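Taking it in order: structure first as structure tokens, then the write-up.
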Amino acid sequence: MRTDLRIAWDIPATPPGLSGRLQRFMGPGKTRAESAVEVAGLVVCGVLLAGGAWASDARPPWSALQLAVVVLVGLDLVGGVLTNATNAAKRWYHRPAPGTRRARLLFVGAHLGHLAAMGLVVLPGDWHWTLVNAALLLAGAALVEFAPLHLRRPVSMAVLMAAVLVNLFWLDVPAVLGWFAPLFFLKLLVCHLVPEAPLERGDRG
């Protein structure tokens with residue numbers, strides 16, 4: 001086993017109060033390079049999403065509330081994919097401490113709110129879309145979380161592809177919202193639930 005790798009659990013202390021809670025939510029010890037990639041990715045992908053939606057001929061006549069939900073959910077998913085993919089987040093959410101599995105699954109479960117907002121507000125009253133995606137999310141999360149460690153990455157990719165294909169071929173979703181399922185399941189089933197190997201703390205820079 002290599003001894004030159006600084007593995008996983010060298011997590012820096014966080015300050016009390018709101019600042020510390022935010023650091024723990026995002027992942028303590030995030031490097032400036034990780035933050036830069038997050039900001040750049042959020043800006044670029046946010047512009048691409050907005051531009052694609054604006055240029056789409058199939059853009060629905062959304063109300064102000066529906067548009068606000070789409071914008072907020074889109075930003076959250078793009079930012080969440082990037083944040084949960086960092087080593088800082090991986091170290092924190094997969095550290096060997098009591099309650100981390102529960103915390104991961106609660107984080108996933110909280111995103112049922114995203115499905116409710118999209119399915120019942122943006123796709124007004126579409127209970128079928130909402131419930132099918134909720135089932136895909138919860139079943140997929142259980143499969144990934146309880147898979148053997150060495151199988152979590154391929155299991156997560158399998159359930160991600162299955163969820164995206166179900167949305168593409170069996171659920172009625174406007175083309176302008178075709179980004180939702182790939183980003184939603186990527187953020188939660190792959191970026192959040194799959195631990196990195198090895199979990200290194202990089203140089204701050």
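Chain labels A, B, ... are given in the sequence in which chains occur in the structure tokens; within each chain residues are numbered consecutively from 1, and ligands are likewise numbered from 1 in the order shown.
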So that I can see what lies close to segment 165-167 of chain A, please list as a PDB file with C-alpha atoms, in the first residue's frame the residues with an atom at most 12 Å from it, counting only C-alpha atoms and leaving out residues fewer than 6 positions away in the same chain.
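out_27.pdb, written as the output of this step:
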ATOM      1  CA  HIS A 128     -47.266  10.498 -12.057  1.00  0.00           C
ATOM      2  CA  TRP A 129     -43.952  12.202 -12.935  1.00  0.00           C
ATOM      3  CA  THR A 130     -43.393  13.158  -9.301  1.00  0.00           C
ATOM      4  CA  VAL A 132     -42.129   7.780 -10.443  1.00  0.00           C
ATOM      5  CA  ASN A 133     -39.064   9.971  -9.942  1.00  0.00           C
ATOM      6  CA  ALA A 134     -39.434   9.784  -6.164  1.00  0.00           C
ATOM      7  CA  ALA A 135     -39.438   5.980  -6.415  1.00  0.00           C
ATOM      8  CA  LEU A 136     -36.408   6.048  -8.709  1.00  0.00           C
ATOM      9  CA  LEU A 137     -34.563   8.344  -6.303  1.00  0.00           C
ATOM     10  CA  ALA A 158     -26.418   1.942 -13.618  1.00  0.00           C
ATOM     11  CA  VAL A 159     -29.211   3.559 -11.605  1.00  0.00           C
ATOM     12  CA  VAL A 173     -41.490  15.996 -19.892  1.00  0.00           C
ATOM     13  CA  PRO A 174     -41.134  19.146 -22.034  1.00  0.00           C
ATOM     14  CA  ALA A 175     -37.916  19.139 -24.050  1.00  0.00           C
ATOM     15  CA  LEU A 177     -36.684  20.448 -19.051  1.00  0.00           C
ATOM     16  CA  GLY A 178     -34.678  17.555 -20.471  1.00  0.00           C
ATOM     17  CA  TRP A 179     -31.704  18.587 -18.299  1.00  0.00           C
ATOM     18  CA  PHE A 180     -33.502  17.972 -15.010  1.00  0.00           C
ATOM     19  CA  ALA A 181     -33.283  14.185 -14.672  1.00  0.00           C
ATOM     20  CA  PRO A 182     -29.598  13.838 -15.692  1.00  0.00           C
ATOM     21  CA  PHE A 184     -30.780  15.568 -10.476  1.00  0.00           C
ATOM     22  CA  PHE A 185     -29.722  11.921 -10.368  1.00  0.00           C
TER      23      PHE A 185
END
If we count only C-alpha atoms and set the cut-off at 8 Å, which residues sit around Leu183 of chain A, ignoring sequence neighbours fewer than 6 positions away in its own chain? Please answer as a PDB file with C-alpha atoms, in the first residue's frame.
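This is the output file out.pdb:
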ATOM      1  CA  LEU A  77     -28.468  21.107  -9.334  1.00  0.00           C
ATOM      2  CA  VAL A  78     -25.548  22.573 -11.279  1.00  0.00           C
ATOM      3  CA  VAL A  81     -23.081  18.425  -8.892  1.00  0.00           C
TER       4      VAL A  81
END
Query raised in the report: Between A:Leu120, A:Ala53, A:Leu22, A:Leu112, which has the minimum distance to Gln66 of chain A (counting only C-alpha atoms)?
Result: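 Closest to Gln66 of chain A of all the choices is A:Leu120.
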Report task. Pick out the residues sitting within 10 Å of Lys187 of chain A, and hand them over as number ranges by chain; count only C-alpha atoms, and ignore anything fewer than 6 positions along from it in its own chain. Result -> A: 76-85, 108, 160, 181, 193
Those same residues, written as a JSON list (two decimals), in the first residue's frame with all heavy atoms?
[["chain", "number", "residue", "atom", "x", "y", "z"],
["A", 76, "ASP", "N", -29.37, 25.09, -8.24],
["A", 76, "ASP", "CA", -29.04, 24.16, -7.16],
["A", 76, "ASP", "C", -28.43, 22.87, -7.71],
["A", 76, "ASP", "O", -27.47, 22.34, -7.14],
["A", 76, "ASP", "CB", -30.29, 23.84, -6.34],
["A", 76, "ASP", "CG", -30.00, 22.83, -5.25],
["A", 76, "ASP", "OD1", -29.45, 23.21, -4.21],
["A", 76, "ASP", "OD2", -30.29, 21.63, -5.45],
["A", 77, "LEU", "N", -28.97, 22.37, -8.79],
["A", 77, "LEU", "CA", -28.47, 21.11, -9.33],
["A", 77, "LEU", "C", -27.08, 21.27, -9.94],
["A", 77, "LEU", "O", -26.20, 20.45, -9.72],
["A", 77, "LEU", "CB", -29.44, 20.54, -10.37],
["A", 77, "LEU", "CG", -30.80, 20.09, -9.83],
["A", 77, "LEU", "CD1", -31.63, 19.46, -10.94],
["A", 77, "LEU", "CD2", -30.64, 19.11, -8.67],
["A", 78, "VAL", "N", -26.87, 22.34, -10.69],
["A", 78, "VAL", "CA", -25.55, 22.57, -11.28],
["A", 78, "VAL", "C", -24.52, 22.77, -10.17],
["A", 78, "VAL", "O", -23.45, 22.14, -10.15],
["A", 78, "VAL", "CB", -25.57, 23.79, -12.22],
["A", 78, "VAL", "CG1", -24.14, 24.15, -12.65],
["A", 78, "VAL", "CG2", -26.41, 23.49, -13.45],
["A", 79, "GLY", "N", -24.83, 23.64, -9.22],
["A", 79, "GLY", "CA", -23.92, 23.86, -8.10],
["A", 79, "GLY", "C", -23.73, 22.62, -7.26],
["A", 79, "GLY", "O", -22.62, 22.33, -6.80],
["A", 80, "GLY", "N", -24.80, 21.84, -7.09],
["A", 80, "GLY", "CA", -24.71, 20.63, -6.27],
["A", 80, "GLY", "C", -23.87, 19.54, -6.90],
["A", 80, "GLY", "O", -23.14, 18.83, -6.19],
["A", 81, "VAL", "N", -23.95, 19.39, -8.21],
["A", 81, "VAL", "CA", -23.08, 18.42, -8.89],
["A", 81, "VAL", "C", -21.63, 18.77, -8.65],
["A", 81, "VAL", "O", -20.80, 17.92, -8.28],
["A", 81, "VAL", "CB", -23.39, 18.39, -10.41],
["A", 81, "VAL", "CG1", -22.28, 17.66, -11.16],
["A", 81, "VAL", "CG2", -24.73, 17.72, -10.67],
["A", 82, "LEU", "N", -21.29, 20.04, -8.81],
["A", 82, "LEU", "CA", -19.90, 20.48, -8.67],
["A", 82, "LEU", "C", -19.42, 20.37, -7.22],
["A", 82, "LEU", "O", -18.33, 19.87, -6.94],
["A", 82, "LEU", "CB", -19.75, 21.91, -9.17],
["A", 82, "LEU", "CG", -20.01, 22.09, -10.67],
["A", 82, "LEU", "CD1", -20.18, 23.58, -11.00],
["A", 82, "LEU", "CD2", -18.91, 21.48, -11.50],
["A", 83, "THR", "N", -20.24, 20.82, -6.28],
["A", 83, "THR", "CA", -19.84, 20.80, -4.87],
["A", 83, "THR", "C", -19.69, 19.37, -4.36],
["A", 83, "THR", "O", -18.71, 19.03, -3.70],
["A", 83, "THR", "CB", -20.88, 21.54, -4.02],
["A", 83, "THR", "OG1", -20.89, 22.92, -4.40],
["A", 83, "THR", "CG2", -20.54, 21.45, -2.53],
["A", 84, "ASN", "N", -20.66, 18.52, -4.66],
["A", 84, "ASN", "CA", -20.61, 17.15, -4.14],
["A", 84, "ASN", "C", -19.53, 16.30, -4.80],
["A", 84, "ASN", "O", -19.19, 15.22, -4.30],
["A", 84, "ASN", "CB", -21.97, 16.48, -4.30],
["A", 84, "ASN", "CG", -22.96, 16.94, -3.24],
["A", 84, "ASN", "OD1", -22.98, 16.43, -2.14],
["A", 84, "ASN", "ND2", -23.76, 17.95, -3.58],
["A", 85, "ALA", "N", -18.98, 16.79, -5.91],
["A", 85, "ALA", "CA", -17.90, 16.06, -6.57],
["A", 85, "ALA", "C", -16.52, 16.40, -6.00],
["A", 85, "ALA", "O", -15.55, 15.75, -6.36],
["A", 85, "ALA", "CB", -17.92, 16.34, -8.07],
["A", 108, "VAL", "N", -30.33, 13.13, 0.59],
["A", 108, "VAL", "CA", -31.02, 12.67, -0.61],
["A", 108, "VAL", "C", -32.53, 12.84, -0.45],
["A", 108, "VAL", "O", -33.21, 13.37, -1.34],
["A", 108, "VAL", "CB", -30.68, 11.19, -0.90],
["A", 108, "VAL", "CG1", -31.57, 10.64, -2.01],
["A", 108, "VAL", "CG2", -29.21, 11.06, -1.28],
["A", 160, "LEU", "N", -28.28, 5.70, -12.38],
["A", 160, "LEU", "CA", -28.36, 6.99, -13.06],
["A", 160, "LEU", "C", -28.88, 6.80, -14.48],
["A", 160, "LEU", "O", -29.82, 7.49, -14.91],
["A", 160, "LEU", "CB", -26.98, 7.65, -13.08],
["A", 160, "LEU", "CG", -26.82, 8.84, -14.05],
["A", 160, "LEU", "CD1", -27.69, 10.01, -13.62],
["A", 160, "LEU", "CD2", -25.36, 9.27, -14.15],
["A", 181, "ALA", "N", -33.57, 15.54, -15.17],
["A", 181, "ALA", "CA", -33.28, 14.19, -14.67],
["A", 181, "ALA", "C", -31.79, 13.87, -14.66],
["A", 181, "ALA", "O", -31.27, 13.36, -13.66],
["A", 181, "ALA", "CB", -34.06, 13.16, -15.48],
["A", 193, "LEU", "N", -23.39, 10.21, -3.17],
["A", 193, "LEU", "CA", -23.38, 8.92, -2.47],
["A", 193, "LEU", "C", -22.14, 8.08, -2.74],
["A", 193, "LEU", "O", -21.89, 7.12, -1.99],
["A", 193, "LEU", "CB", -24.62, 8.11, -2.84],
["A", 193, "LEU", "CG", -25.95, 8.61, -2.27],
["A", 193, "LEU", "CD1", -27.08, 7.68, -2.68],
["A", 193, "LEU", "CD2", -25.89, 8.73, -0.75]]
Query - Which of segment 61-136 of chain A DSSP labels alpha helix (DSSP H), written as JSON, numbers by chain - result: {"A": [64, 65, 66, 67, 68, 69, 70, 71, 72, 73, 74, 75, 76, 77, 78, 79, 80, 81, 82, 83, 84, 87, 88, 89, 90, 91, 92, 93, 100, 101, 102, 103, 104, 105, 106, 107, 108, 109, 110, 112, 113, 114, 115, 116, 117, 127, 128, 129, 130, 131, 132, 133, 134, 135, 136]}
Report summary line: If you count only C-alpha atoms, the residue of A:Gly99, A:Ala163, A:Cys191, A:Ala50 closest to Leu72 of chain A turns out to be A:Ala50
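The shortest atom-to-atom distance to Arg59 of chain A, with only C-alpha atoms taken into account, belongs to A:Val122 out of A:Val122, A:Met157, A:Val194, A:Cys45.
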Requested in this report: Check the smallest atom-to-atom distance from each of A:Val164, A:Ala147, A:Val37, A:Leu188 to Ala110 of chain A using only C-alpha atoms, then report the winner.
Outcome: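 Once distances to Ala110 of chain A are computed over only C-alpha atoms, the minimum belongs to A:Leu188.
Atom pair atom CA of Met118 of chain A / atom CA of Val69 of chain A has a distance of 7.2 Å (rounded to one decimal).
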Residue contacts of Ala58 of chain A (7 Å, only C-alpha atoms) excluding same-chain residues fewer than 2 positions away, as a compact mmCIF listing (two decimals) with N, CA, C and O atoms, in the first residue's frame:
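Result file selection12.txt:
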# COMPACT_ATOMS: atom_id res chain seq x y z
N SER A 56 -35.36 27.93 -26.94
CA SER A 56 -36.20 26.79 -27.30
C SER A 56 -37.55 27.22 -27.85
O SER A 56 -38.24 28.07 -27.27
N PRO A 60 -42.43 26.48 -22.51
CA PRO A 60 -43.82 26.67 -22.06
C PRO A 60 -44.06 28.10 -21.59
O PRO A 60 -43.12 28.82 -21.23
N ALA A 175 -39.32 19.22 -23.63
CA ALA A 175 -37.92 19.14 -24.05
C ALA A 175 -37.06 20.17 -23.33
O ALA A 175 -35.88 19.92 -23.05
N VAL A 176 -37.64 21.31 -23.00
CA VAL A 176 -36.87 22.37 -22.35
C VAL A 176 -36.45 21.99 -20.94
O VAL A 176 -35.55 22.61 -20.36
**Report entry** Interatomic distance (Å, one decimal) between atom CA of Gly29 of chain A and atom CA of Ile11 of chain A
**Finding:**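 So the answer is 6.7 Å.
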**Report entry** Coordinates-based distance that separates atom CA of Leu186 of chain A from atom CA of Met26 of chain A (Å, one decimal)
**Finding:** 16.9 Å
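If only C-alpha atoms are the atoms counted, then among A:Ala139, A:Gly119, A:His192, A:Arg32 the closest residue to Ala89 of chain A is A:His192.
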Report task. Choose the residue, out of A:Pro28, A:Pro154, A:Leu171, A:Pro16, that has the smallest atom-to-atom separation from Trp92 of chain A; count only C-alpha atoms. Result ->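 Nearest to Trp92 of chain A: A:Pro28.
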**Report entry** Shell of 8 Å around Thr14 of chain A, only C-alpha atoms, local chain residues under 4 positions omitted, as a list of chain:residue names
**Finding:**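 Using only C-alpha atoms, the neighbours found are A:Gly20, A:Gln23, A:Arg24, A:Pro28.
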Put those residues in a file: N, CA, C and O atoms, as a compact mmCIF listing (two decimals), in the first residue's frame.
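New file out_36.txt:
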# COMPACT_ATOMS: atom_id res chain seq x y z
N GLY A 20 -19.25 28.13 10.14
CA GLY A 20 -18.89 26.74 10.32
C GLY A 20 -19.93 25.80 9.75
O GLY A 20 -19.59 24.78 9.13
N GLN A 23 -19.50 25.71 6.02
CA GLN A 23 -18.33 24.92 5.64
C GLN A 23 -18.60 23.43 5.76
O GLN A 23 -18.19 22.64 4.90
N ARG A 24 -19.31 23.04 6.82
CA ARG A 24 -19.61 21.62 6.98
C ARG A 24 -20.62 21.14 5.94
O ARG A 24 -20.58 20.00 5.50
N PRO A 28 -15.65 20.82 4.65
CA PRO A 28 -14.53 21.59 5.22
C PRO A 28 -13.23 21.32 4.47
O PRO A 28 -12.97 20.22 3.99
Neighbours of Val144 of chain A within 8 Å (only C-alpha atoms; same-chain residues fewer than 2 positions away dropped), as a PDB file with all heavy atoms, in the first residue's frame?
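Everything below was put into result.pdb:
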ATOM      1  N   GLY A 140     -32.905   3.998  -5.973  1.00  0.00           N
ATOM      2  CA  GLY A 140     -31.526   4.157  -6.424  1.00  0.00           C
ATOM      3  C   GLY A 140     -30.587   4.480  -5.289  1.00  0.00           C
ATOM      4  O   GLY A 140     -29.473   3.941  -5.207  1.00  0.00           O
ATOM      5  N   ALA A 141     -31.025   5.350  -4.390  1.00  0.00           N
ATOM      6  CA  ALA A 141     -30.181   5.713  -3.247  1.00  0.00           C
ATOM      7  C   ALA A 141     -29.914   4.502  -2.361  1.00  0.00           C
ATOM      8  O   ALA A 141     -28.791   4.305  -1.882  1.00  0.00           O
ATOM      9  CB  ALA A 141     -30.844   6.821  -2.442  1.00  0.00           C
ATOM     10  N   ALA A 142     -30.934   3.684  -2.130  1.00  0.00           N
ATOM     11  CA  ALA A 142     -30.745   2.484  -1.305  1.00  0.00           C
ATOM     12  C   ALA A 142     -29.784   1.505  -1.977  1.00  0.00           C
ATOM     13  O   ALA A 142     -28.908   0.929  -1.324  1.00  0.00           O
ATOM     14  CB  ALA A 142     -32.091   1.818  -1.055  1.00  0.00           C
ATOM     15  N   PHE A 146     -26.160   0.887   0.010  1.00  0.00           N
ATOM     16  CA  PHE A 146     -25.968  -0.406   0.650  1.00  0.00           C
ATOM     17  C   PHE A 146     -25.215  -1.404  -0.237  1.00  0.00           C
ATOM     18  O   PHE A 146     -25.068  -2.565   0.142  1.00  0.00           O
ATOM     19  CB  PHE A 146     -27.318  -0.978   1.088  1.00  0.00           C
ATOM     20  CG  PHE A 146     -27.941  -0.168   2.196  1.00  0.00           C
ATOM     21  CD1 PHE A 146     -28.915   0.779   1.911  1.00  0.00           C
ATOM     22  CD2 PHE A 146     -27.528  -0.328   3.505  1.00  0.00           C
ATOM     23  CE1 PHE A 146     -29.480   1.545   2.926  1.00  0.00           C
ATOM     24  CE2 PHE A 146     -28.086   0.437   4.523  1.00  0.00           C
ATOM     25  CZ  PHE A 146     -29.062   1.371   4.237  1.00  0.00           C
ATOM     26  N   ALA A 147     -24.723  -0.942  -1.383  1.00  0.00           N
ATOM     27  CA  ALA A 147     -23.874  -1.799  -2.212  1.00  0.00           C
ATOM     28  C   ALA A 147     -22.498  -1.923  -1.559  1.00  0.00           C
ATOM     29  O   ALA A 147     -22.066  -1.036  -0.817  1.00  0.00           O
ATOM     30  CB  ALA A 147     -23.732  -1.198  -3.607  1.00  0.00           C
ATOM     31  N   ARG A 152     -20.011   0.534  -5.534  1.00  0.00           N
ATOM     32  CA  ARG A 152     -20.903   1.700  -5.478  1.00  0.00           C
ATOM     33  C   ARG A 152     -20.830   2.559  -6.733  1.00  0.00           C
ATOM     34  O   ARG A 152     -21.848   3.067  -7.201  1.00  0.00           O
ATOM     35  CB  ARG A 152     -20.589   2.544  -4.238  1.00  0.00           C
ATOM     36  CG  ARG A 152     -21.078   1.900  -2.969  1.00  0.00           C
ATOM     37  CD  ARG A 152     -20.909   2.795  -1.771  1.00  0.00           C
ATOM     38  NE  ARG A 152     -21.094   2.035  -0.545  1.00  0.00           N
ATOM     39  CZ  ARG A 152     -20.902   2.526   0.657  1.00  0.00           C
ATOM     40  NH1 ARG A 152     -20.511   3.778   0.815  1.00  0.00           N
ATOM     41  NH2 ARG A 152     -21.086   1.767   1.723  1.00  0.00           N
ATOM     42  N   ARG A 153     -19.634   2.728  -7.291  1.00  0.00           N
ATOM     43  CA  ARG A 153     -19.540   3.576  -8.483  1.00  0.00           C
ATOM     44  C   ARG A 153     -20.292   2.960  -9.671  1.00  0.00           C
ATOM     45  O   ARG A 153     -21.131   3.639 -10.271  1.00  0.00           O
ATOM     46  CB  ARG A 153     -18.077   3.842  -8.824  1.00  0.00           C
ATOM     47  CG  ARG A 153     -17.896   4.918  -9.886  1.00  0.00           C
ATOM     48  CD  ARG A 153     -16.427   5.174 -10.167  1.00  0.00           C
ATOM     49  NE  ARG A 153     -15.692   5.517  -8.951  1.00  0.00           N
ATOM     50  CZ  ARG A 153     -15.658   6.737  -8.431  1.00  0.00           C
ATOM     51  NH1 ARG A 153     -16.311   7.722  -9.009  1.00  0.00           N
ATOM     52  NH2 ARG A 153     -14.961   6.975  -7.335  1.00  0.00           N
ATOM     53  N   VAL A 155     -22.687   0.733  -9.624  1.00  0.00           N
ATOM     54  CA  VAL A 155     -24.112   0.690  -9.287  1.00  0.00           C
ATOM     55  C   VAL A 155     -24.729   2.068  -9.473  1.00  0.00           C
ATOM     56  O   VAL A 155     -25.828   2.211 -10.028  1.00  0.00           O
ATOM     57  CB  VAL A 155     -24.321   0.179  -7.845  1.00  0.00           C
ATOM     58  CG1 VAL A 155     -25.761   0.413  -7.389  1.00  0.00           C
ATOM     59  CG2 VAL A 155     -23.989  -1.303  -7.758  1.00  0.00           C
ATOM     60  N   SER A 156     -24.031   3.105  -9.035  1.00  0.00           N
ATOM     61  CA  SER A 156     -24.565   4.462  -9.178  1.00  0.00           C
ATOM     62  C   SER A 156     -24.731   4.831 -10.644  1.00  0.00           C
ATOM     63  O   SER A 156     -25.708   5.483 -11.028  1.00  0.00           O
ATOM     64  CB  SER A 156     -23.657   5.474  -8.473  1.00  0.00           C
ATOM     65  OG  SER A 156     -22.450   5.690  -9.188  1.00  0.00           O
ATOM     66  N   LEU A 189     -27.071  10.537  -6.749  1.00  0.00           N
ATOM     67  CA  LEU A 189     -26.698   9.125  -6.751  1.00  0.00           C
ATOM     68  C   LEU A 189     -25.222   8.904  -7.053  1.00  0.00           C
ATOM     69  O   LEU A 189     -24.646   7.901  -6.616  1.00  0.00           O
ATOM     70  CB  LEU A 189     -27.553   8.364  -7.767  1.00  0.00           C
ATOM     71  CG  LEU A 189     -29.067   8.411  -7.531  1.00  0.00           C
ATOM     72  CD1 LEU A 189     -29.789   7.568  -8.556  1.00  0.00           C
ATOM     73  CD2 LEU A 189     -29.430   7.979  -6.122  1.00  0.00           C
ATOM     74  N   LEU A 193     -23.390  10.207  -3.167  1.00  0.00           N
ATOM     75  CA  LEU A 193     -23.378   8.922  -2.470  1.00  0.00           C
ATOM     76  C   LEU A 193     -22.135   8.075  -2.736  1.00  0.00           C
ATOM     77  O   LEU A 193     -21.894   7.117  -1.995  1.00  0.00           O
ATOM     78  CB  LEU A 193     -24.622   8.109  -2.845  1.00  0.00           C
ATOM     79  CG  LEU A 193     -25.952   8.610  -2.268  1.00  0.00           C
ATOM     80  CD1 LEU A 193     -27.079   7.683  -2.682  1.00  0.00           C
ATOM     81  CD2 LEU A 193     -25.894   8.727  -0.747  1.00  0.00           C
ATOM     82  N   VAL A 194     -21.363   8.409  -3.753  1.00  0.00           N
ATOM     83  CA  VAL A 194     -20.191   7.586  -4.063  1.00  0.00           C
ATOM     84  C   VAL A 194     -18.948   8.208  -3.434  1.00  0.00           C
ATOM     85  O   VAL A 194     -18.613   9.353  -3.716  1.00  0.00           O
ATOM     86  CB  VAL A 194     -19.989   7.461  -5.588  1.00  0.00           C
ATOM     87  CG1 VAL A 194     -18.713   6.676  -5.895  1.00  0.00           C
ATOM     88  CG2 VAL A 194     -21.194   6.783  -6.223  1.00  0.00           C
TER      89      VAL A 194
END
